[in-house]
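Below is one structure; the comments refer to it alone.
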Amino acid sequence: MAHNLLDDSRDKWLAGDDTALLDFTLARPTTVTSYVLVSANDFPDRDPQDWTLHGSDDGHTWTPLDSRTGETFDRRYQAREFTLRGTPKAHRRLRLEITRNGGAHEIQLAQVRFLERPVGQGFTGYYQRHDEGPIGYRGTPVAASPLTDLPVAASRVASDLETAATSLAETARTLAALAAQLRTR
């Protein structure tokens, strides 16, 4: 059983095959905007590398929501968040179809989390330091995690900070290019 994937514990789920289907039934139709997979305690070659997340309303017809290939986990109990692309739709059932792992004959995970972010709750803005150009930022509110979920929460915060840093760097490059164009006119 894969019930422990939804628990706040370090118990792992282990499948005795190199592919797996994990079905989840939600209490209500939910618009999942991202999901988190947490690697288990040992054997990186058991970690999923290729998978597709599907959504369904009836449990018979499945729509692909997100596909990943060549993904890796750098450490044990690493939580990685994957954001769905496109416009999400509410589903009551989700299926994680793992089609390849790191080469072992078994697949393992410590946790799976599905995240729903309210539409329109993001924020953007700019700040400016003395003698510098404006610097942009953007983000979405993150619900506080319980203390028992610190490894997942810390990894999520680290992932959010990396995303923010990339976004800020892209904004800075764009603004620098615009400033250079304005100077040459």
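Naming works like this for the structure tokens: A, B, ... for the chains as they're shown, residue 1 at the start of each chain, ligands 1 onward in shown order.
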
| request: Please give the complete set of residues from region 3-184 of chain A that DSSP, run on the backbone, assigns to alpha helix (DSSP H), formatted as an MDAnalysis selection string. | output: chainID A and resid 150:184

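Of the residues under consideration (A:Ser39, A:Thr174, A:Asn4, A:Thr99), A:Thr99 shows the shortest atom-to-atom contact distance to Ser67 (chain A) when counting only C-alpha atoms.
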
| said: Between A:Lys12, A:His54, A:Arg76, A:Arg92, which residue has the minimum interatomic distance to Asp42 (chain A), considering only C-alpha atoms? | reply: A:Arg76

| request: Using only C-alpha atoms, determine which residues lie at most 7 Å from Thr52 (chain A), disregarding the query and same-chain residues fewer than 6 positions distant; provide the list as a list in words. | output: Pro64, Asp66, Ser67, Arg68, Leu96, Glu97 and Ile98 of chain A
